[in-house]
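Peer 1: Have a peek at protein-v2.tsv (TSV, C-alpha atoms).
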```
chain	number	residue	atom	x	y	z
A	267	MET	CA	-13.83	4.52	29.23
A	268	VAL	CA	-10.43	5.57	27.92
A	269	THR	CA	-10.09	9.24	26.95
A	270	ASP	CA	-6.85	9.71	25.06
A	271	ALA	CA	-5.88	11.18	21.69
A	272	ASP	CA	-7.07	8.03	19.91
A	273	SER	CA	-10.41	8.18	21.67
A	274	ILE	CA	-10.98	11.79	20.59
A	275	LEU	CA	-10.10	10.85	17.00
A	276	ILE	CA	-12.44	7.84	17.09
A	277	ASN	CA	-15.35	9.97	18.28
A	278	ARG	CA	-14.75	12.45	15.45
A	279	ILE	CA	-14.48	9.62	12.88
A	280	LEU	CA	-17.76	8.14	14.12
A	281	ALA	CA	-19.36	11.58	13.96
A	282	GLY	CA	-18.61	11.70	10.24
A	283	GLU	CA	-15.01	12.91	9.81
A	284	GLN	CA	-13.91	9.65	8.25
A	285	HIS	CA	-10.75	11.07	6.67
A	286	LEU	CA	-9.29	11.28	10.21
A	287	PHE	CA	-8.94	7.51	10.21
A	288	ALA	CA	-5.75	8.10	8.18
A	289	GLN	CA	-4.21	9.62	11.33
A	290	LEU	CA	-4.97	6.46	13.28
A	291	VAL	CA	-3.47	4.35	10.49
A	292	ASN	CA	-0.32	6.50	10.43
A	293	LYS	CA	0.07	6.23	14.18
A	294	HIS	CA	-0.31	2.47	14.47
A	295	LYS	CA	0.81	1.14	11.08
A	296	SER	CA	4.40	0.28	12.09
A	297	TYR	CA	3.41	-1.80	15.06
A	298	ALA	CA	0.49	-3.47	13.28
A	299	TYR	CA	2.72	-4.31	10.31
A	300	SER	CA	5.56	-5.55	12.53
A	301	LEU	CA	3.24	-7.78	14.53
A	302	ALA	CA	1.84	-9.28	11.31
A	303	LEU	CA	5.37	-9.64	9.93
A	304	ARG	CA	6.56	-11.46	13.03
A	305	ILE	CA	3.67	-13.94	12.80
A	306	ILE	CA	3.52	-14.35	9.01
A	307	GLU	CA	7.24	-13.99	8.23
A	308	ASN	CA	6.58	-12.60	4.77
A	309	LYS	CA	6.68	-8.88	4.02
A	310	ALA	CA	4.06	-8.74	1.24
A	311	ASP	CA	1.55	-10.88	3.14
A	312	ALA	CA	2.20	-8.99	6.38
A	313	GLU	CA	1.41	-5.69	4.65
A	314	GLU	CA	-1.81	-7.16	3.21
A	315	ILE	CA	-2.81	-8.43	6.66
A	316	ALA	CA	-2.05	-5.10	8.32
A	317	GLN	CA	-4.18	-3.32	5.69
A	318	ASP	CA	-7.06	-5.77	6.11
A	319	SER	CA	-6.87	-5.33	9.86
A	320	PHE	CA	-7.21	-1.55	9.55
A	321	ILE	CA	-10.19	-1.99	7.21
A	322	LYS	CA	-11.82	-4.36	9.73
A	323	ALA	CA	-11.10	-1.86	12.50
A	324	PHE	CA	-12.78	0.90	10.50
A	325	LYS	CA	-15.77	-1.28	9.69
A	326	TYR	CA	-16.35	-2.21	13.34
A	327	LEU	CA	-15.21	1.07	14.90
A	328	ALA	CA	-18.74	1.85	16.08
A	329	SER	CA	-18.81	-1.41	18.06
A	330	PHE	CA	-15.47	-0.64	19.79
A	331	GLN	CA	-16.48	0.01	23.39
A	332	GLN	CA	-13.39	2.16	24.21
A	333	GLU	CA	-12.93	0.39	27.54
A	334	SER	CA	-9.44	-0.59	26.42
A	335	LYS	CA	-6.90	1.25	24.31
A	336	PHE	CA	-7.55	1.41	20.56
A	337	SER	CA	-4.08	-0.05	19.97
A	338	THR	CA	-4.89	-3.15	22.07
A	339	TRP	CA	-8.13	-3.67	20.16
A	340	LEU	CA	-6.36	-3.17	16.82
A	341	TYR	CA	-3.53	-5.57	17.70
A	342	ARG	CA	-6.10	-8.22	18.60
A	343	ILE	CA	-7.58	-7.79	15.12
A	344	VAL	CA	-4.09	-7.99	13.55
A	345	PHE	CA	-3.22	-11.00	15.67
A	346	ASN	CA	-6.42	-12.89	14.81
A	347	THR	CA	-6.19	-11.99	11.09
A	348	ALA	CA	-2.55	-13.10	10.94
A	349	ILE	CA	-3.15	-16.36	12.82
A	350	THR	CA	-6.14	-17.19	10.57
A	351	TYR	CA	-4.03	-16.41	7.49
A	352	LYS	CA	-1.16	-18.54	8.76
A	353	ARG	CA	-3.45	-21.50	9.34
A	354	LYS	CA	-4.84	-21.23	5.81
A	355	ASN	CA	-1.50	-20.68	4.07
A	356	LYS	CA	1.57	-22.51	5.27
A	357	VAL	CA	4.61	-20.23	5.13
A	358	SER	CA	7.88	-21.79	4.00
A	359	TRP	CA	11.08	-21.80	6.04
A	360	GLN	CA	12.92	-19.93	3.27
A	361	SER	CA	10.82	-16.86	3.85
A	362	ILE	CA	12.20	-16.57	7.38
A	363	GLU	CA	15.73	-16.54	6.04
A	364	GLN	CA	14.80	-13.93	3.46
A	365	LEU	CA	13.31	-11.91	6.26
A	366	GLN	CA	16.51	-12.16	8.30
A	367	LYS	CA	18.53	-10.76	5.43
A	368	GLY	CA	16.39	-7.68	5.64
A	369	TYR	CA	17.09	-6.74	9.21
A	370	TRP	CA	20.26	-8.60	10.16
A	371	GLN	CA	22.96	-7.45	7.85
A	372	ASP	CA	25.35	-6.42	10.60
A	373	ASP	CA	28.20	-8.30	12.28
A	374	ALA	CA	29.03	-11.61	10.63
A	375	GLU	CA	30.38	-13.05	13.90
A	376	GLN	CA	26.98	-13.64	15.38
A	377	ALA	CA	25.31	-14.64	12.12
A	378	ASP	CA	25.32	-18.35	12.97
A	379	LYS	CA	23.78	-17.81	16.38
A	380	LYS	CA	21.13	-15.60	14.89
A	381	LYS	CA	20.33	-18.28	12.36
A	382	PHE	CA	19.97	-20.84	15.17
A	383	ILE	CA	17.73	-18.50	17.15
A	384	ALA	CA	15.49	-18.08	14.12
A	385	GLN	CA	15.40	-21.87	13.73
A	386	ALA	CA	14.56	-22.33	17.41
A	387	ILE	CA	11.74	-19.78	17.26
A	388	HIS	CA	10.35	-21.50	14.21
A	389	GLN	CA	10.29	-24.80	16.08
A	390	LEU	CA	8.04	-23.35	18.78
A	391	SER	CA	4.31	-24.01	18.54
A	392	GLU	CA	2.14	-21.36	16.88
A	393	GLN	CA	0.75	-20.28	20.27
A	394	ASP	CA	4.19	-20.06	21.88
A	395	GLN	CA	5.52	-18.04	18.96
A	396	ALA	CA	2.62	-15.64	19.25
A	397	VAL	CA	2.97	-15.22	23.02
A	398	ILE	CA	6.70	-14.66	22.88
A	399	THR	CA	6.36	-12.23	19.96
A	400	LEU	CA	3.86	-10.10	21.83
A	401	TYR	CA	5.99	-10.23	24.96
A	402	TYR	CA	9.22	-9.13	23.32
A	403	MET	CA	7.60	-6.41	21.28
A	404	GLN	CA	7.56	-4.66	24.65
A	405	GLU	CA	4.96	-2.01	24.13
A	406	LEU	CA	2.27	-4.13	25.74
A	407	SER	CA	1.54	-4.72	29.39
A	408	LEU	CA	0.59	-8.17	30.61
A	409	GLU	CA	-3.06	-7.02	30.84
A	410	GLU	CA	-3.01	-5.81	27.23
A	411	MET	CA	-1.44	-9.07	26.11
A	412	ALA	CA	-4.16	-10.91	28.01
A	413	GLU	CA	-6.79	-8.94	26.14
A	414	ILE	CA	-5.21	-9.60	22.74
A	415	LEU	CA	-4.82	-13.31	23.47
A	416	GLN	CA	-8.22	-13.41	25.20
A	417	SER	CA	-6.80	-15.23	28.22
A	418	PRO	CA	-6.40	-14.20	31.89
A	419	ALA	CA	-3.22	-12.22	32.69
A	420	ASN	CA	-1.89	-14.97	34.98
A	421	THR	CA	-2.31	-17.58	32.24
A	422	VAL	CA	-0.44	-15.32	29.81
A	423	LYS	CA	2.37	-14.89	32.35
A	424	VAL	CA	2.72	-18.66	32.71
A	425	ARG	CA	2.56	-19.10	28.92
A	426	VAL	CA	5.35	-16.53	28.41
A	427	HIS	CA	7.49	-18.29	31.00
A	428	ARG	CA	6.93	-21.72	29.41
A	429	ALA	CA	7.54	-20.41	25.89
A	430	ARG	CA	10.83	-18.81	26.96
A	431	LEU	CA	11.92	-22.04	28.61
A	432	LYS	CA	10.99	-24.06	25.53
A	433	LEU	CA	12.88	-21.64	23.32
A	434	ALA	CA	15.97	-21.93	25.52
A	435	GLU	CA	15.76	-25.74	25.44
A	436	ILE	CA	15.32	-25.88	21.66
A	437	LEU	CA	18.22	-23.49	21.19
A	438	LYS	CA	20.38	-25.62	23.48
A	439	THR	CA	19.57	-28.75	21.44
A	440	ILE	CA	20.33	-27.00	18.15
A	441	LEU	CA	23.64	-25.65	19.44
A	442	LYS	CA	24.60	-29.08	20.80
A	443	LYS	CA	23.84	-30.69	17.41
A	444	GLU	CA	25.89	-28.04	15.63
A	445	ALA	CA	28.81	-28.55	18.02
A	446	LEU	CA	28.77	-32.29	17.27
A	447	THR	CA	28.83	-31.74	13.51
A	448	LEU	CA	31.86	-29.44	13.71
B	6	MET	CA	16.84	-24.15	34.80
B	7	SER	CA	20.22	-23.48	36.40
B	8	VAL	CA	22.70	-21.67	34.16
B	9	GLY	CA	25.42	-20.59	36.56
B	10	LYS	CA	26.70	-21.24	40.05
B	11	ASN	CA	24.07	-19.13	41.77
B	12	PHE	CA	21.82	-17.98	38.98
B	13	LYS	CA	19.01	-19.55	36.97
B	14	ARG	CA	17.86	-18.70	33.44
B	15	GLU	CA	14.92	-16.90	35.06
B	16	ASP	CA	17.46	-14.53	36.66
B	17	VAL	CA	18.88	-13.75	33.22
B	18	TRP	CA	15.33	-12.88	32.08
B	19	ARG	CA	14.78	-10.77	35.18
B	20	TYR	CA	18.00	-8.89	34.43
B	21	LEU	CA	17.01	-8.31	30.79
B	22	ASP	CA	13.45	-7.36	31.79
B	23	HIS	CA	14.85	-4.78	34.30
B	24	ASP	CA	13.14	-6.61	37.15
B	25	MET	CA	16.22	-6.77	39.40
B	26	SER	CA	17.03	-4.51	42.30
B	27	GLU	CA	20.32	-2.58	42.13
B	28	GLU	CA	21.95	-5.03	44.55
B	29	GLU	CA	20.79	-8.09	42.62
B	30	LYS	CA	21.95	-6.47	39.40
B	31	SER	CA	25.48	-5.83	40.64
B	32	ASN	CA	25.73	-9.40	42.01
B	33	PHE	CA	24.47	-10.75	38.70
B	34	LEU	CA	26.93	-8.68	36.63
B	35	ALA	CA	29.78	-9.75	38.87
B	36	ALA	CA	28.79	-13.38	38.32
B	37	VAL	CA	28.64	-12.84	34.55
B	38	LYS	CA	32.27	-11.67	34.60
B	39	THR	CA	33.46	-14.85	36.28
B	40	ASP	CA	31.02	-17.44	34.92
B	41	LYS	CA	31.52	-18.18	31.20
B	42	ASN	CA	28.34	-20.27	30.99
B	43	LEU	CA	26.23	-17.49	32.48
B	44	GLU	CA	27.83	-15.01	30.09
B	45	LYS	CA	26.97	-17.30	27.15
B	46	ILE	CA	23.35	-17.63	28.28
B	47	LEU	CA	23.07	-13.87	28.73
B	48	GLU	CA	24.39	-13.35	25.20
B	49	GLU	CA	21.90	-15.87	23.78
B	50	GLU	CA	18.94	-14.37	25.61
B	51	ASN	CA	20.00	-10.93	24.51
B	52	LEU	CA	20.15	-12.10	20.90
B	53	ILE	CA	16.65	-13.56	21.22
B	54	ARG	CA	15.44	-10.21	22.50
B	55	LEU	CA	17.17	-8.44	19.61
B	56	HIS	CA	15.56	-10.82	17.15
B	57	PHE	CA	12.17	-9.47	18.17
B	58	THR	CA	12.96	-5.86	19.00
B	59	ARG	CA	14.74	-5.21	15.69
B	60	ILE	CA	11.79	-6.47	13.73
B	61	LYS	CA	9.64	-4.04	15.71
B	62	LEU	CA	11.24	-1.20	13.78
B	63	SER	CA	9.89	-2.52	10.47
B	64	GLU	CA	7.95	0.00	8.43
B	65	PRO	CA	5.33	-0.88	5.81
B	66	SER	CA	5.56	0.58	2.30
B	67	ALA	CA	5.35	4.35	1.86
B	68	GLY	CA	1.85	4.32	0.40
B	69	PHE	CA	0.41	2.13	3.17
B	70	THR	CA	-1.97	4.71	4.67
B	71	ASN	CA	-3.23	5.85	1.25
B	72	LEU	CA	-3.88	2.24	0.24
B	73	VAL	CA	-5.86	1.60	3.43
B	74	MET	CA	-7.96	4.74	2.91
B	75	GLU	CA	-8.58	3.84	-0.76
B	76	LYS	CA	-9.68	0.34	0.22
B	77	ILE	CA	-11.98	1.77	2.89
B	78	GLN	CA	-13.62	4.07	0.34
B	79	LYS	CA	-14.06	1.12	-2.02
B	80	VAL	CA	-15.63	-1.03	0.69
B	81	GLN	CA	-17.91	1.80	1.75
B	82	GLY	CA	-19.01	2.40	-1.83
B	83	GLU	CA	-19.91	-1.27	-2.19
B	84	PHE	CA	-21.98	-1.72	0.90
B	85	SER	CA	-23.25	1.55	2.27
B	86	ILE	CA	-26.63	3.15	1.57
B	87	SER	CA	-26.99	6.87	2.14
B	88	ILE	CA	-29.59	8.02	4.67
B	89	LYS	CA	-31.60	9.78	1.92
B	90	ARG	CA	-31.69	6.65	-0.22
B	91	SER	CA	-32.56	4.43	2.72
B	92	MET	CA	-35.44	6.74	3.71
B	93	LEU	CA	-36.76	6.55	0.12
B	94	LEU	CA	-36.47	2.76	0.22
B	95	LEU	CA	-38.28	2.67	3.55
B	96	ALA	CA	-41.06	4.90	2.18
B	97	GLY	CA	-41.36	2.64	-0.89
B	98	VAL	CA	-41.67	-0.48	1.26
B	99	LEU	CA	-44.31	1.25	3.39
B	100	VAL	CA	-46.38	2.42	0.37
B	101	VAL	CA	-46.34	-1.07	-1.21
B	102	THR	CA	-47.33	-2.69	2.09
B	103	LEU	CA	-50.19	-0.26	2.75
B	104	LEU	CA	-51.46	-0.49	-0.85
B	105	THR	CA	-51.43	-4.29	-0.80
B	106	ALA	CA	-53.09	-4.43	2.62
B	107	PHE	CA	-55.80	-2.05	1.32
B	108	LEU	CA	-56.43	-4.26	-1.74
B	109	VAL	CA	-56.59	-7.37	0.46
B	110	SER	CA	-59.13	-5.68	2.75
B	111	LYS	CA	-61.25	-4.77	-0.31
B	112	GLY	CA	-61.43	-8.49	-1.23
B	113	ILE	CA	-59.54	-8.20	-4.54
B	114	PHE	CA	-57.61	-11.39	-3.79
B	115	ASP	CA	-60.46	-13.40	-2.26
B	116	SER	CA	-61.17	-15.60	-5.32
B	117	PRO	CA	-58.72	-18.53	-5.76
B	118	GLY	CA	-56.59	-18.44	-8.88
B	119	THR	CA	-56.11	-21.49	-11.13
B	120	ILE	CA	-53.07	-22.11	-13.28
B	121	LYS	CA	-53.52	-24.55	-16.19
B	122	LEU	CA	-50.17	-25.68	-17.60
B	123	PRO	CA	-51.44	-26.10	-21.24
B	124	GLU	CA	-52.75	-22.52	-21.15
B	125	VAL	CA	-49.52	-21.17	-19.68
B	126	ASN	CA	-47.39	-22.88	-22.31
B	127	PRO	CA	-49.08	-24.02	-25.61
B	128	VAL	CA	-46.12	-26.33	-26.35
B	129	VAL	CA	-47.31	-28.57	-23.50
B	130	ASN	CA	-50.70	-28.92	-25.24
B	131	GLN	CA	-49.00	-29.74	-28.55
B	132	TYR	CA	-47.04	-32.70	-27.19
B	133	LEU	CA	-49.39	-33.81	-24.41
B	134	PRO	CA	-52.96	-33.16	-25.69
B	135	ASN	CA	-54.58	-35.21	-22.93
B	136	MET	CA	-53.05	-33.59	-19.86
B	137	PRO	CA	-54.32	-35.04	-16.56
B	138	GLU	CA	-56.24	-33.00	-13.98
B	139	ALA	CA	-53.04	-32.75	-11.90
B	140	SER	CA	-51.64	-30.23	-14.37
B	141	GLN	CA	-54.05	-27.67	-12.95
B	142	PHE	CA	-52.93	-25.76	-9.87
B	143	THR	CA	-55.22	-23.82	-7.61
B	144	ILE	CA	-53.58	-20.94	-5.72
B	145	ASN	CA	-55.04	-19.09	-2.76
B	146	ASN	CA	-54.22	-15.52	-3.80
B	147	LYS	CA	-55.00	-14.12	-0.36
B	148	ILE	CA	-52.36	-16.29	1.34
B	149	VAL	CA	-49.74	-15.37	-1.29
B	150	VAL	CA	-50.42	-11.64	-0.96
B	151	ASN	CA	-50.45	-11.84	2.85
B	152	GLY	CA	-47.05	-13.58	2.64
B	153	ILE	CA	-45.73	-10.75	0.46
B	154	ILE	CA	-47.02	-8.19	2.97
B	155	ILE	CA	-45.24	-9.98	5.85
B	156	LEU	CA	-42.01	-10.18	3.82
B	157	ASN	CA	-42.29	-6.47	3.04
B	158	LEU	CA	-42.78	-5.67	6.71
B	159	ILE	CA	-39.68	-7.72	7.65
B	160	ILE	CA	-37.59	-5.89	5.00
B	161	GLY	CA	-39.02	-2.59	6.30
B	162	PHE	CA	-38.04	-3.38	9.92
B	163	VAL	CA	-34.50	-4.43	8.88
B	164	LEU	CA	-34.10	-1.21	6.88
B	165	LEU	CA	-35.44	0.85	9.77
B	166	ASP	CA	-32.98	-0.81	12.18
B	167	ARG	CA	-29.89	-0.60	9.95
B	168	THR	CA	-30.34	2.86	8.51
B	169	VAL	CA	-32.24	4.87	11.09
B	170	LEU	CA	-32.43	3.37	14.60
B	171	ARG	CA	-28.92	1.90	14.93
B	172	PRO	CA	-27.05	5.04	13.74
B	173	PHE	CA	-29.32	7.16	15.96
B	174	PHE	CA	-28.67	5.15	19.16
B	175	GLN	CA	-24.96	4.83	18.41
B	176	LYS	CA	-24.77	8.60	18.10
B	177	ARG	CA	-26.64	9.02	21.39
B	178	MET	CA	-24.31	6.56	23.14
B	179	ARG	CA	-21.26	8.46	21.92
B	180	HIS	CA	-22.60	11.76	23.18
B	181	SER	CA	-23.66	10.40	26.60
```
Kindly transcribe the structure held in the file into structure tokens.
Peer 2:
Amino acid sequence: MVTDADSILINRILAGEQHLFAQLVNKHKSYAYSLALRIIENKADAEEIAQDSFIKAFKYLASFQQESKFSTWLYRIVFNTAITYKRKNKVSWQSIEQLQKGYWQDDAEQADKKKFIAQAIHQLSEQDQAVITLYYMQELSLEEMAEILQSPANTVKVRVHRARLKLAEILKTILKKEALTL
Amino acid sequence: MSVGKNFKREDVWRYLDHDMSEEEKSNFLAAVKTDKNLEKILEEENLIRLHFTRIKLSEPSAGFTNLVMEKIQKVQGEFSISIKRSMLLLAGVLVVTLLTAFLVSKGIFDSPGTIKLPEVNPVVNQYLPNMPEASQFTINNKIVVNGIIILNLIIGFVLLDRTVLRPFFQKRMRHS
């Protein structure tokens, strides 16, 4: 059983101090929202998914065994909610570009490359995109990623490796095509 | 996948993931200075990393936490039953069950009941004066009442589990 600040808060929430759940939301909202945003690629939908995930977490808090970190459990909920949403509603390519405008307004020199990277990521399979997103978001260990993806750690490691290779190959193809059109 | 004279793309990842020893790192950086292709790959991989790490800093709207808490309160209001109310419900179910069982044991429902459609609805008699025998239904009242008692007991057990036993054992588990 994990005994950290989250665990203490969870025990108090389950004992009746439900208002303390706001502290858990405040602590994990950025990461939960960012993970949803990376998968859904639409700010409004990502916020809705992050909110729904917190509500689900609250609803099933009593069934959370506390053998893993609360954050890992929450991210699994966010991940599953976002993937389910994405399967139901197809997100358009334009939304990715809109998203880019939001966080890449810096140097114009690399703008093209960034656009190609976004294109390459979008060409990856849903699973590869998810694996690579979790990997690069860096806060998670391989074991935590394995728990979120519900796969053994070794499988996740191989999947990350393959997804990175695929991304590199797609990017290479895109850059080659662009070079030919110049 | 080879990207330079002595280095593979995996080495670029290892460098970016901080998985290289100091010696490997200095060899790699020296190679980057002389190998344009390796430098290009490093730049690309670094941009990919930035693509994800920058998005990590995204913040939801300012009222996010309040919205979540409001939604939680709404959901709770819709589905939860207070302990006091659930105990009252449980007592009600128990009283009805006991009362019905008592009446069954006293033989109140022993005689079979008959439903005649023309008597139930006079309109039927008006349009179909010669109704066949099939329009009469005989009901075994005892079986119906026993069914209601069983249904009541099932509802009682579900209520007992959801509102009393489950919260009690969850509380005990948390304190153990």
Peer 1: Quote the spacing between atom CA of B:Ser63 and atom CA of A:Glu313 in Å to one decimal place.
Peer 2: 10.8 Å
Peer 1: Just checking: using all atoms listed in the file, which residue out of B:Asp22, B:Glu64, B:Glu15, B:Glu48 ends up closest to chain A?
Peer 2: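 Result for the nearest residue to chain A: B:Glu64.
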Peer 1: Would you mind telling me which residue in B:Leu72, B:Thr102, B:Ile88, B:Leu34 lies nearest to B:Ile153 when using all atoms listed in the file?
Peer 2: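 Result for the nearest residue to B:Ile153: B:Thr102.
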Peer 1: Which distance in Å separates atom CA of A:Ala429 and atom CA of A:Asp318, to one decimal?
Peer 2: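 Taking atom CA of A:Ala429 as the start and atom CA of A:Asp318 as the end point, the length is 28.6 Å.
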Peer 1: I'd like the neighbourhood of stretch 410-413 of chain A as a PyMOL selection string, where a residue qualifies if any of its atoms comes within 7 Å (using only C-alpha atoms), though same-chain residues fewer than 6 positions away should be ignored.
Peer 2: chain A and resi 338+400+419+422
Peer 1: Using all atoms listed in the file, determine which residues lie at most 10 Å from A:His388, disregarding the query and same-chain residues fewer than 3 positions distant; provide the list as an MDAnalysis selection string.
Peer 2: chainID A and resid 359 362 382:385 391:392 394:395 433 436
Peer 1: So the first atom is atom CA of B:Arg19 and the second is atom CA of A:Ala302; what is the distance between them in Å, to one decimal place?
Peer 2: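 Value for the atom CA of B:Arg19-atom CA of A:Ala302 distance: 27.2 Å.
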Peer 1: Which residue, A:Phe324, A:Phe345, A:Lys379, A:Leu301, has the smallest gap to A:His285 when you use all atoms listed in the file?
Peer 2: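 Checking each candidate against A:His285, we get A:Phe324 as the closest.
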Peer 1: Quick one: which residues from chain A are at most 8 Å off chain B, using all atoms listed in the file, as a PyMOL selection string?
Peer 2: chain A and resi 277+281+285+287-288+291-292+295-297+299-301+304+313+317-318+320-321+324+328+369+379-380+383-384+399+402-404
Peer 1: Show me, as an NGL selection string, the residues that have an atom within 12 Å of A:Ile414 when counting all atoms listed in the file, minus same-chain residues fewer than 4 positions from it.
Peer 2: :A and (301 or 334-347 or 396-397 or 400-401 or 406-410 or 418-419 or 422)
Peer 1: Measuring atom to atom with only C-alpha atoms, identify which of B:Leu170, B:Leu21, B:Ala35, B:Leu164 is nearest to B:Arg90.
Peer 2: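 Nearest candidate to B:Arg90 out of B:Leu170, B:Leu21, B:Ala35, B:Leu164: B:Leu164.
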Peer 1: Excluding stretch 36-42 of chain B and its own-chain neighbours fewer than 2 positions away, which residues fall within 10 Å of it when counting all atoms listed in the file? Please give them as a list in words.
Peer 2: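 Near neighbours after the sequence-gap exclusion: Val8, Gly9, Lys10, Asn11, Phe12, Val17, Lys30, Ser31, Asn32, Phe33, Leu34, Glu44, Lys45, Ile46, Leu47 and Glu48 of chain B.
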Peer 1: Of the candidates A:Ile305, A:Ser417, A:Lys325, A:Glu435, which one gets nearest to A:Ile398 if we count all atoms listed in the file?
Peer 2: A:Ile305
Peer 1: Neighbouring residues of B:Ile154 were defined as those with any atom within 9 Å, considering all atoms listed in the file; residues of the same chain fewer than 2 positions away were excluded. Please report them as a ChimeraX atom specification.
Peer 2: /B:101-103,105-106,149-152,156-159
Peer 1: For A:Leu327, which of A:Ile279, A:Leu390, A:Leu415, A:Ala271 is the closest residue, counting only C-alpha atoms?
Peer 2: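 With only C-alpha atoms as the atom set, the closest residue is A:Ile279.
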